[in-house]
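Shown here: work_0.txt, compact mmCIF, C-alpha atoms and all ligand atoms.
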```
# COMPACT_ATOMS: atom_id res chain seq x y z
CA MET A 23 108.03 136.77 201.71
CA VAL A 24 106.38 133.94 203.62
CA LEU A 25 107.10 130.43 202.36
CA ILE A 26 103.95 128.58 201.27
CA ASP A 27 104.55 124.84 201.32
CA LEU A 28 102.06 122.99 199.12
CA ARG A 29 104.26 119.95 198.44
CA SER A 30 102.27 117.62 200.65
CA ASP A 31 100.17 117.32 203.79
CA THR A 32 103.08 115.26 205.16
CA VAL A 33 104.79 118.57 206.07
CA THR A 34 102.28 119.24 208.86
CA LYS A 35 103.75 119.51 212.34
CA PRO A 36 102.29 118.12 215.58
CA THR A 37 99.90 120.36 217.50
CA ASP A 38 100.68 121.63 221.03
CA GLU A 39 98.09 119.19 222.37
CA MET A 40 99.89 116.33 220.61
CA ARG A 41 103.24 117.39 222.05
CA ARG A 42 101.77 117.48 225.56
CA ALA A 43 100.15 114.07 225.10
CA MET A 44 103.45 112.70 223.81
CA ALA A 45 105.34 114.01 226.84
CA GLU A 46 102.86 112.46 229.23
CA ALA A 47 102.17 109.20 227.38
CA GLU A 48 102.04 105.95 229.31
CA VAL A 49 104.36 103.52 227.55
CA GLY A 50 105.52 99.90 227.62
CA ASP A 51 107.25 97.41 225.32
CA ASP A 52 104.99 97.23 222.29
CA VAL A 53 106.74 94.20 220.78
CA TYR A 54 105.30 92.32 223.80
CA GLY A 55 101.96 94.11 223.21
CA GLU A 56 102.44 96.00 226.49
CA ASP A 57 102.30 99.64 225.44
CA PRO A 58 98.96 100.97 226.71
CA SER A 59 98.97 104.01 224.42
CA VAL A 60 99.71 101.90 221.33
CA ASN A 61 97.02 99.42 222.35
CA GLU A 62 94.49 102.20 222.80
CA LEU A 63 95.32 103.73 219.42
CA GLN A 64 95.06 100.36 217.68
CA GLU A 65 91.69 99.63 219.29
CA ARG A 66 90.34 103.11 218.56
CA ALA A 67 91.48 102.99 214.93
CA ALA A 68 90.03 99.52 214.38
CA ALA A 69 86.69 100.61 215.87
CA MET A 70 86.55 103.73 213.70
CA LEU A 71 87.09 101.64 210.59
CA GLY A 72 84.82 98.77 211.61
CA LYS A 73 87.55 96.14 211.96
CA GLU A 74 88.49 93.76 214.78
CA ALA A 75 92.08 94.75 215.44
CA GLY A 76 94.84 97.20 214.54
CA LEU A 77 98.62 97.42 214.30
CA MET A 78 100.58 100.64 214.50
CA THR A 79 103.43 100.89 212.00
CA ALA A 80 106.12 103.44 211.17
CA SER A 81 104.61 104.59 207.86
CA GLY A 82 102.04 104.05 205.14
CA THR A 83 104.69 102.34 203.05
CA MET A 84 105.37 99.89 205.89
CA SER A 85 101.65 99.17 206.40
CA ASN A 86 101.14 98.49 202.69
CA LEU A 87 104.20 96.24 202.60
CA ILE A 88 103.15 94.31 205.70
CA ALA A 89 99.67 93.78 204.23
CA THR A 90 101.28 92.38 201.08
CA MET A 91 103.56 90.10 203.09
CA SER A 92 100.57 88.87 205.10
CA TYR A 93 98.59 87.86 202.00
CA CYS A 94 101.20 86.96 199.40
CA SER A 95 103.87 84.30 199.06
CA ARG A 96 106.84 84.62 196.71
CA GLY A 97 105.70 84.48 193.09
CA ASP A 98 102.13 85.55 193.82
CA GLU A 99 100.45 88.42 192.02
CA ILE A 100 98.77 91.61 193.23
CA ILE A 101 96.20 93.48 191.13
CA MET A 102 96.11 97.26 191.48
CA GLY A 103 95.37 100.42 189.49
CA ASP A 104 98.05 101.75 187.17
CA GLN A 105 98.19 105.00 189.18
CA ALA A 106 98.47 103.31 192.59
CA HIS A 107 100.85 104.80 195.13
CA MET A 108 101.97 101.25 195.96
CA PHE A 109 103.15 100.89 192.37
CA TRP A 110 104.61 104.37 191.81
CA ASN A 111 106.02 105.52 195.10
CA GLU A 112 106.96 102.64 197.38
CA SER A 113 110.38 101.76 195.97
CA GLY A 114 109.28 98.44 194.48
CA GLY A 115 108.91 96.96 197.96
CA GLN A 116 106.14 94.59 196.96
CA ALA A 117 108.50 92.92 194.47
CA ALA A 118 111.78 93.27 196.35
CA LEU A 119 110.66 92.42 199.85
CA ALA A 120 107.34 90.57 199.56
CA GLY A 121 108.38 88.74 196.35
CA ALA A 122 105.02 89.47 194.71
CA GLN A 123 104.63 90.80 191.19
CA THR A 124 102.17 93.53 190.34
CA ARG A 125 99.55 93.36 187.61
CA LEU A 126 98.15 96.75 186.66
CA VAL A 127 94.64 97.53 185.49
CA PRO A 128 93.67 101.06 184.37
CA ASN A 129 92.61 103.56 187.01
CA ASP A 130 89.63 105.66 186.00
CA ALA A 131 89.70 109.42 186.54
CA ARG A 132 88.01 108.97 189.94
CA GLY A 133 90.81 106.68 191.18
CA GLY A 134 88.68 103.57 190.91
CA ILE A 135 89.30 100.38 188.98
CA ASN A 136 86.75 98.55 186.83
CA PRO A 137 85.45 95.38 188.56
CA GLU A 138 85.32 93.64 185.17
CA ASP A 139 89.03 94.34 184.61
CA VAL A 140 89.73 92.88 188.03
CA ALA A 141 87.58 89.80 187.35
CA ARG A 142 89.37 89.24 184.01
CA SER A 143 92.80 89.63 185.59
CA ILE A 144 92.44 87.31 188.58
CA ARG A 145 94.41 84.11 188.12
CA PRO A 146 93.70 81.02 190.23
CA LYS A 147 96.13 79.04 192.34
CA GLY A 148 97.17 75.61 191.13
CA ASN A 149 98.38 76.25 187.57
CA PRO A 150 102.19 75.94 187.60
CA HIS A 151 102.46 78.56 184.84
CA PHE A 152 100.60 81.25 186.72
CA ALA A 153 101.45 83.79 189.34
CA ALA A 154 98.30 83.30 191.43
CA THR A 155 96.37 86.40 192.46
CA THR A 156 96.40 86.66 196.25
CA MET A 157 95.59 90.36 196.77
CA VAL A 158 93.68 93.20 195.14
CA CYS A 159 94.52 96.78 196.19
CA LEU A 160 92.40 99.90 196.19
CA GLU A 161 93.37 103.46 197.14
CA ASN A 162 91.04 106.02 198.75
CA THR A 163 91.51 108.95 198.47
CA HIS A 164 93.54 108.51 195.31
CA ASN A 165 96.79 110.44 195.40
CA ARG A 166 97.71 110.49 191.69
CA CYS A 167 94.05 110.96 190.71
CA SER A 168 93.91 114.36 192.40
CA GLY A 169 92.61 113.15 195.76
CA MET A 170 89.49 111.58 194.27
CA VAL A 171 87.17 109.63 196.49
CA MET A 172 85.83 106.11 195.89
CA THR A 173 82.26 105.71 197.15
CA PRO A 174 81.11 102.74 199.25
CA SER A 175 79.31 101.22 196.25
CA GLU A 176 82.34 101.57 193.94
CA THR A 177 84.45 99.91 196.63
CA LYS A 178 81.93 97.11 197.11
CA ALA A 179 81.77 96.36 193.38
CA VAL A 180 85.51 95.59 193.26
CA CYS A 181 85.44 93.70 196.57
CA ASP A 182 82.58 91.50 195.36
CA VAL A 183 84.47 90.21 192.33
CA ALA A 184 87.67 89.69 194.33
CA HIS A 185 85.86 87.88 197.12
CA GLN A 186 83.95 85.66 194.66
CA ALA A 187 87.39 84.43 193.55
CA GLY A 188 88.56 84.08 197.18
CA VAL A 189 90.99 87.02 196.91
CA PRO A 190 91.28 89.56 199.78
CA VAL A 191 91.16 93.31 199.16
CA HIS A 192 93.63 95.68 200.80
CA LEU A 193 92.74 99.37 200.94
CA ASP A 194 95.56 101.90 200.89
CA GLY A 195 93.50 104.42 202.83
CA ALA A 196 96.41 106.73 203.63
CA ARG A 197 93.84 109.58 203.47
CA ILE A 198 90.65 107.61 204.25
CA PHE A 199 89.44 110.28 206.70
CA ASN A 200 89.66 112.89 203.92
CA ALA A 201 87.38 110.62 201.89
CA ALA A 202 84.93 110.20 204.77
CA VAL A 203 84.79 113.95 205.44
CA ALA A 204 84.33 114.71 201.72
CA LEU A 205 81.43 112.27 201.38
CA GLU A 206 80.07 113.12 204.84
CA VAL A 207 79.85 109.45 205.79
CA PRO A 208 81.41 107.56 208.72
CA ALA A 209 84.79 106.18 207.61
CA GLU A 210 83.64 102.64 208.33
CA GLU A 211 81.16 102.88 205.44
CA LEU A 212 84.13 103.24 203.11
CA THR A 213 85.98 100.29 204.61
CA ARG A 214 83.13 97.84 205.24
CA ASP A 215 83.80 95.63 202.23
CA VAL A 216 87.60 95.58 202.19
CA ASP A 217 89.53 93.04 204.26
CA ASP A 218 92.05 95.46 205.72
CA VAL A 219 92.90 99.15 205.63
CA SER A 220 96.09 101.11 206.08
CA PHE A 221 95.74 104.79 207.01
CA CYS A 222 98.30 107.45 207.84
CA LEU A 223 98.53 109.58 210.96
CA SER A 224 101.41 111.63 209.61
CA LYS A 225 99.65 113.28 206.66
CA ALA A 226 96.69 115.65 207.01
CA LEU A 227 96.14 114.40 210.58
CA SER A 228 99.37 116.22 211.56
CA CYS A 229 101.14 113.51 213.58
CA PRO A 230 104.92 113.39 213.44
CA VAL A 231 105.11 109.67 212.54
CA GLY A 232 102.89 106.69 212.00
CA SER A 233 100.24 104.68 210.28
CA VAL A 234 97.76 102.07 211.47
CA LEU A 235 96.84 98.84 209.69
CA VAL A 236 93.45 97.41 210.68
CA GLY A 237 91.73 94.14 209.82
CA SER A 238 90.58 90.83 211.31
CA LYS A 239 92.29 89.48 214.43
CA ASP A 240 93.93 86.70 212.41
CA PHE A 241 95.21 89.12 209.78
CA ILE A 242 96.68 91.46 212.41
CA LYS A 243 98.35 88.50 214.19
CA GLU A 244 100.05 87.59 210.93
CA ALA A 245 100.89 91.25 210.20
CA HIS A 246 102.50 91.59 213.65
CA ARG A 247 105.14 89.01 212.73
CA TRP A 248 105.91 90.67 209.39
CA ARG A 249 106.17 94.06 211.11
CA LYS A 250 108.84 92.59 213.39
CA MET A 251 110.67 91.11 210.40
CA VAL A 252 110.88 94.42 208.55
CA GLY A 253 112.24 96.13 211.65
CA GLY A 254 109.01 97.82 212.66
CA GLY A 255 108.78 96.67 216.28
CA MET A 256 109.26 100.07 217.93
CA ARG A 257 109.15 99.23 221.68
CA GLN A 258 107.93 102.35 223.62
CA ALA A 259 106.03 103.60 220.59
CA GLY A 260 103.30 104.95 222.86
CA ILE A 261 105.04 108.32 222.61
CA LEU A 262 103.97 108.35 218.96
CA ALA A 263 100.62 106.66 219.53
CA ALA A 264 99.68 109.41 221.99
CA ALA A 265 99.83 111.94 219.15
CA GLY A 266 97.74 109.56 217.04
CA LEU A 267 95.01 109.45 219.67
CA VAL A 268 94.86 113.25 219.75
CA ALA A 269 94.72 113.24 215.94
CA LEU A 270 91.74 110.90 215.81
CA GLU A 271 89.96 113.13 218.36
CA THR A 272 90.80 116.57 216.98
CA MET A 273 92.11 116.46 213.40
CA VAL A 274 89.42 114.64 211.42
CA ASP A 275 86.55 117.15 211.24
CA ARG A 276 88.84 120.05 210.35
CA LEU A 277 89.83 118.32 207.08
CA ALA A 278 86.76 119.99 205.54
CA GLU A 279 88.69 123.28 205.74
CA ASP A 280 91.57 121.82 203.69
CA HIS A 281 89.08 120.61 201.10
CA GLN A 282 87.46 124.03 200.86
CA ASN A 283 90.89 125.63 200.40
CA ALA A 284 91.77 123.08 197.72
CA ARG A 285 88.59 123.92 195.79
CA ARG A 286 89.38 127.64 196.09
CA LEU A 287 92.93 126.95 194.89
CA ALA A 288 91.72 124.89 191.93
CA ALA A 289 89.16 127.54 190.93
CA GLY A 290 91.92 130.18 190.93
CA LEU A 291 94.34 127.99 188.97
CA ALA A 292 91.64 127.34 186.35
CA ASN A 293 91.56 131.11 185.69
CA ILE A 294 95.29 131.29 184.93
CA ASP A 295 95.99 131.13 181.20
CA GLY A 296 98.37 128.25 180.47
CA LEU A 297 97.19 126.04 183.36
CA ALA A 298 94.43 123.45 183.06
CA VAL A 299 92.45 121.94 185.89
CA ASP A 300 88.92 120.68 186.26
CA ALA A 301 88.17 122.71 189.37
CA ASP A 302 84.71 121.21 189.87
CA SER A 303 86.17 117.73 190.20
CA ILE A 304 88.28 118.52 193.29
CA GLN A 305 86.88 116.59 196.26
CA THR A 306 89.59 116.63 198.91
CA ASN A 307 92.96 118.32 199.56
CA ILE A 308 94.97 117.38 196.44
CA VAL A 309 94.98 119.53 193.30
CA ILE A 310 96.78 118.20 190.24
CA PHE A 311 96.87 120.47 187.21
CA ASP A 312 98.51 120.50 183.79
CA ILE A 313 100.83 123.16 182.44
CA ASP A 314 100.69 123.96 178.76
CA GLU A 315 103.92 122.58 177.31
CA LYS A 316 104.47 125.91 175.53
CA VAL A 317 104.63 127.59 178.95
CA ALA A 318 107.07 125.33 180.82
CA THR A 319 107.92 121.80 181.85
CA ALA A 320 106.79 120.81 185.32
CA THR A 321 110.42 120.75 186.51
CA ASP A 322 111.12 124.30 185.33
CA PHE A 323 107.79 125.50 186.70
CA MET A 324 108.52 123.90 190.06
CA LYS A 325 111.91 125.64 190.26
CA ALA A 326 110.41 129.02 189.38
CA MET A 327 107.69 128.51 191.97
CA ALA A 328 110.31 127.67 194.60
CA ASN A 329 112.06 130.97 193.75
CA ALA A 330 108.71 132.64 194.40
CA GLU A 331 108.62 130.84 197.78
CA VAL A 332 105.82 128.45 196.84
CA LEU A 333 106.78 124.79 197.12
CA VAL A 334 104.91 122.30 194.92
CA SER A 335 105.55 118.75 193.76
CA TYR A 336 105.21 117.31 190.28
CA PRO A 337 103.66 113.97 189.45
CA GLY A 338 104.36 114.15 185.68
CA GLU A 339 106.30 115.93 182.93
CA HIS A 340 103.52 118.49 182.47
CA SER A 341 101.55 118.12 185.67
CA VAL A 342 102.02 119.65 189.08
CA ARG A 343 100.54 118.82 192.48
CA MET A 344 99.52 121.24 195.21
CA VAL A 345 98.22 119.91 198.53
CA THR A 346 96.37 121.93 201.16
CA HIS A 347 96.77 121.15 204.84
CA ARG A 348 96.52 122.55 208.37
CA HIS A 349 99.28 125.14 207.86
CA ILE A 350 97.63 126.61 204.75
CA SER A 351 94.98 129.28 205.33
CA ALA A 352 92.52 130.82 202.88
CA ASP A 353 94.87 133.85 202.71
CA ASP A 354 97.80 131.58 201.86
CA VAL A 355 95.73 130.19 199.00
CA GLU A 356 95.11 133.70 197.63
CA GLU A 357 98.80 134.56 197.98
CA ALA A 358 99.88 131.27 196.31
CA LEU A 359 97.52 132.02 193.42
CA SER A 360 98.89 135.50 192.89
CA ARG A 361 102.50 134.20 192.94
CA THR A 362 101.55 131.34 190.55
CA SER A 363 99.93 133.77 188.17
CA ARG A 364 103.09 135.93 188.20
CA VAL A 365 105.34 132.91 187.56
CA VAL A 366 103.21 131.80 184.59
CA ARG A 367 103.17 135.38 183.20
CA GLU A 368 107.00 135.50 183.41
CA PHE A 369 107.29 132.21 181.49
CA ARG A 370 104.96 133.52 178.80
CA ALA A 371 106.72 136.90 178.49
N1 LIG A 401 102.44 109.88 199.81
C1 LIG A 401 103.39 110.95 199.81
C2 LIG A 401 104.52 110.70 198.81
O1 LIG A 401 105.01 109.42 198.92
C3 LIG A 401 104.10 110.90 197.39
C4 LIG A 401 102.70 112.26 199.50
O2 LIG A 401 103.34 113.29 199.67
O3 LIG A 401 101.52 112.24 199.10
N2 LIG A 401 99.69 105.70 200.24
C5 LIG A 401 99.39 106.92 199.72
C6 LIG A 401 98.13 107.07 198.95
C7 LIG A 401 100.25 108.00 199.91
O4 LIG A 401 99.94 109.17 199.38
C8 LIG A 401 101.44 107.81 200.65
C9 LIG A 401 102.43 108.94 200.84
C10 LIG A 401 101.71 106.54 201.17
C11 LIG A 401 100.81 105.50 200.95
C12 LIG A 401 102.98 106.23 201.95
O5 LIG A 401 102.96 106.82 203.19
P1 LIG A 401 104.35 107.10 203.98
O6 LIG A 401 104.92 108.34 203.38
O7 LIG A 401 103.90 107.25 205.39
O8 LIG A 401 105.20 105.91 203.79
```

Rewrite the structure of this file - the entire thing - as structure tokens.
Amino acid sequence: MVLIDLRSDTVTKPTDEMRRAMAEAEVGDDVYGEDPSVNELQERAAAMLGKEAGLMTASGTMSNLIATMSYCSRGDEIIMGDQAHMFWNESGGQAALAGAQTRLVPNDARGGINPEDVARSIRPKGNPHFAATTMVCLENTHNRCSGMVMTPSETKAVCDVAHQAGVPVHLDGARIFNAAVALEVPAEELTRDVDDVSFCLSKALSCPVGSVLVGSKDFIKEAHRWRKMVGGGMRQAGILAAAGLVALETMVDRLAEDHQNARRLAAGLANIDGLAVDADSIQTNIVIFDIDEKVATATDFMKAMANAEVLVSYPGEHSVRMVTHRHISADDVEEALSRTSRVVREFRA
């Protein structure tokens, strides 16, 4: 039986073209700003997202942390959605390393946050009792909200209230190119109103390592110092940037295929008795569905699926995540559905 790995798009491996580019990459010492491949990647990424400058980092977690460190001092406050990856899955780095506390506002089902909630939650500098708000975070696509996409106007509405209060907006755009492909708009339309964006090369774009943070020249200058402090100055990182350049050239348009497979997957899951998913709502490559508690817990379901050679991840006690990516074909989707259906039938028997 062939293993079908739907845990995450992070499992994607570099393409042959990436490996060749990595072998031949021109490199230099990036801490001195002298790696030509890193410089090219940073410039290309910034241009694609409509920003002045970029900074390559080791991971999405590192980019998000560096953005926080660039905006926040100890005791400041960050506003983000209650389903944000930065809150759930980044080891508490914003609190432990940046010294900033997080204030949560509800995420809606589309992964957005209500501008009025943000406006009500912003606290000014100057009151000794307050943790002053110095950053608002958005996420697009939204991981825990089933890969949902925020539109340019939804993004702008939150940015407007933050900016009126003088607070910058960071976008965790780990999968921003999935969002752009889903909405069929240039990525820069989704990033126009935010102050900076972090996106990942190592997810659906298939690179082995890396993320790029983009923003104004001043912001990136500040971020460069924090990257050094957290141990992210990687010297001849051009070997990795070379794969990133290939990714930006060759891996973006094909994301539509992953989205189509995710919709097919969701439609099939919706037909399995005991599973619940709103198949029509799937916009990108992440499918989160619920399992009837009478059938199984997510942990037991995940184990049974692994025995059937289908790897999945679980975001909640009764919810499971499947992610499509470059190594998952339409046939794999059909096969995963038939194994899932068998696993559910065995639980119900
Ligand atoms: N997400 C991973 C896991 O951490 C859950 C995944 O498999 O989806 N922002 C978002 C929205 C993300 O989904 C992730 C990774 C990150 C940031 C962090 O990126 P890395 O893993 O590069 O630190």

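Using only C-alpha atoms and all ligand atoms as the basis for the distance check, residues found within 6 Å of ligand LIG 401 (chain A) are Ser30, Thr32, Ser81, Gly82, Thr83, His107, Asn111, Asn165, Asp194 and Ala196 of chain A.
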
For CA of Ile101 in chain A and CA of Ala153 in chain A, the interatomic separation in Å (one decimal):
11.2 Å

Spatial neighbours of Glu339 in chain A, max dist 9 Å, only C-alpha atoms, sep filter under 2 positions, as a compact mmCIF listing (two decimals) with C-alpha atoms, in the frame of the given file:
```txt
# COMPACT_ATOMS: atom_id res chain seq x y z
CA THR A 319 107.92 121.80 181.85
CA ALA A 320 106.79 120.81 185.32
CA THR A 321 110.42 120.75 186.51
CA TYR A 336 105.21 117.31 190.28
CA PRO A 337 103.66 113.97 189.45
CA SER A 341 101.55 118.12 185.67
CA VAL A 342 102.02 119.65 189.08
```

Go ahead and find all residues with at least one atom no further than 12 Å from (96.3, 94.9, 199.7) in the file's coordinates, using only C-alpha atoms; report them as a PyMOL selection string.
chain A and resi 83+85-94+99-103+106-109+116+120+122+124+155-161+181+184+189-195+216-220+235-237+241

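As for CA of Ala204 in chain A and CA of Pro36 in chain A, they are spaced 22.9 Å apart.
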
Counting only C-alpha atoms, the residue among A:Glu46, A:Glu271, A:Asp280, A:Asp322 that lies closest to Gln305 in chain A is A:Asp280

Would you kindly return, as number ranges by chain, each protein, DNA or RNA residue with an atom no farther than 7 Å from any atom of Pro137 in chain A, considering all atoms listed in the file and excluding same-chain residues fewer than 5 positions away?
A: 179-180, 183

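Take the candidates A:Met78, A:Ala301, A:Met327, A:Val127 and check each one against Glu65 in chain A using only C-alpha atoms; the shortest distance goes to A:Met78.
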
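Closest to Ser363 in chain A among A:Asn293, A:Asp300, A:Arg343, A:His349 is A:Asn293, based on all atoms listed in the file.
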
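Going from CA of His164 in chain A over to CA of Gly133 in chain A, you cover 5.3 Å.
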
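Of the residues listed (A:Asp354, A:Asp38, A:Glu211, A:Asp139), A:Asp354 shows the shortest atom-to-atom separation from Val24 in chain A; distances use all atoms listed in the file.
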
From the set A:Glu244, A:Glu176, A:Asp275, A:Glu331, which residue has the shortest atom-to-atom contact distance to Phe199 in chain A, counting only C-alpha atoms?
A:Asp275

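For Arg145 in chain A, the non-local neighbours within 7 Å, defined as residues at least 2 positions apart in the same chain or in other chains and counting only C-alpha atoms, are Ser143, Lys147, Phe152, Ala154 and Thr155 of chain A.
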
Put those residues in a file: C-alpha atoms, as a PDB file, in the coordinates of the input.
```pdb
ATOM      1  CA  SER A 143      92.800  89.630 185.590  1.00  0.00           C
ATOM      2  CA  LYS A 147      96.130  79.040 192.340  1.00  0.00           C
ATOM      3  CA  PHE A 152     100.600  81.250 186.720  1.00  0.00           C
ATOM      4  CA  ALA A 154      98.300  83.300 191.430  1.00  0.00           C
ATOM      5  CA  THR A 155      96.370  86.400 192.460  1.00  0.00           C
TER       6      THR A 155
END
```

Shortest contact to Ser175 in chain A, candidates A:Ile313, A:Leu212, A:Met23, A:Leu262, atoms counted only C-alpha atoms, goes to A:Leu212

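Residues in contact range of Ile294 in chain A, defined as at most 10 Å between only C-alpha atoms, with sequence neighbours fewer than 2 positions away removed, read Ala289, Gly290, Leu291, Ala292, Gly296, Leu297, Ala298, Val299, Leu359, Ser360, Thr362, Ser363, Arg364, Val366 and Arg367 of chain A.
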
Put a box with edges along x, y and z around all the listed atoms of range 72-76 of chain A, pad it by 3 Å on each side, then give me its centre and sizes in Å, one decimal, as AutoDock Vina command-line options.
```
--center_x 89.8 --center_y 96.3 --center_z 213.5 --size_x 16.0 --size_y 11.0 --size_z 9.8
```

Starting from the point (90.9, 131.2, 195.7), work out which residues of protein, DNA or RNA have an atom no more than 6 Å away when counting all atoms listed in the file; state them as a VMD selection string.
chain A and resid 286 to 287 290 355 to 356

Find the spatial neighbours of Gly134 in chain A, counting all atoms listed in the file, within a cut-off of 7 Å - ignore same-chain residues fewer than 3 positions away - and output them as a VMD selection string.
chain A and resid 129 to 130 172

Where atoms are lacking, range 314-325 of chain A completed to N, CA, C and O atoms, as a compact mmCIF listing (two decimals), in the coordinates of the input:
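Output contents, as saved in selection.txt:
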```txt
# COMPACT_ATOMS: atom_id res chain seq x y z
N ASP A 314 100.53 123.97 180.22
CA ASP A 314 100.69 123.96 178.76
C ASP A 314 102.18 123.79 178.44
O ASP A 314 103.01 124.51 178.99
N GLU A 315 102.49 122.83 177.56
CA GLU A 315 103.92 122.58 177.31
C GLU A 315 104.61 123.79 176.68
O GLU A 315 105.84 123.90 176.75
N LYS A 316 103.84 124.70 176.09
CA LYS A 316 104.47 125.91 175.53
C LYS A 316 104.87 126.87 176.65
O LYS A 316 105.69 127.76 176.47
N VAL A 317 104.29 126.70 177.82
CA VAL A 317 104.63 127.59 178.95
C VAL A 317 105.90 127.10 179.65
O VAL A 317 106.88 127.83 179.77
N ALA A 318 105.90 125.84 180.10
CA ALA A 318 107.07 125.33 180.82
C ALA A 318 106.92 123.84 181.07
O ALA A 318 105.81 123.32 181.04
N THR A 319 108.02 123.17 181.36
CA THR A 319 107.92 121.80 181.85
C THR A 319 107.60 121.89 183.34
O THR A 319 107.82 122.94 183.97
N ALA A 320 107.13 120.79 183.89
CA ALA A 320 106.79 120.81 185.32
C ALA A 320 108.04 121.08 186.16
O ALA A 320 107.98 121.79 187.17
N THR A 321 109.19 120.55 185.74
CA THR A 321 110.42 120.75 186.51
C THR A 321 110.80 122.23 186.54
O THR A 321 111.13 122.77 187.61
N ASP A 322 110.75 122.88 185.37
CA ASP A 322 111.12 124.30 185.33
C ASP A 322 110.10 125.14 186.12
O ASP A 322 110.46 126.08 186.83
N PHE A 323 108.84 124.77 185.99
CA PHE A 323 107.79 125.50 186.70
C PHE A 323 108.00 125.36 188.22
O PHE A 323 107.93 126.34 188.97
N MET A 324 108.32 124.15 188.63
CA MET A 324 108.52 123.90 190.06
C MET A 324 109.67 124.74 190.61
O MET A 324 109.58 125.31 191.70
N LYS A 325 110.75 124.84 189.82
CA LYS A 325 111.91 125.64 190.26
C LYS A 325 111.53 127.11 190.37
O LYS A 325 111.86 127.79 191.34
```
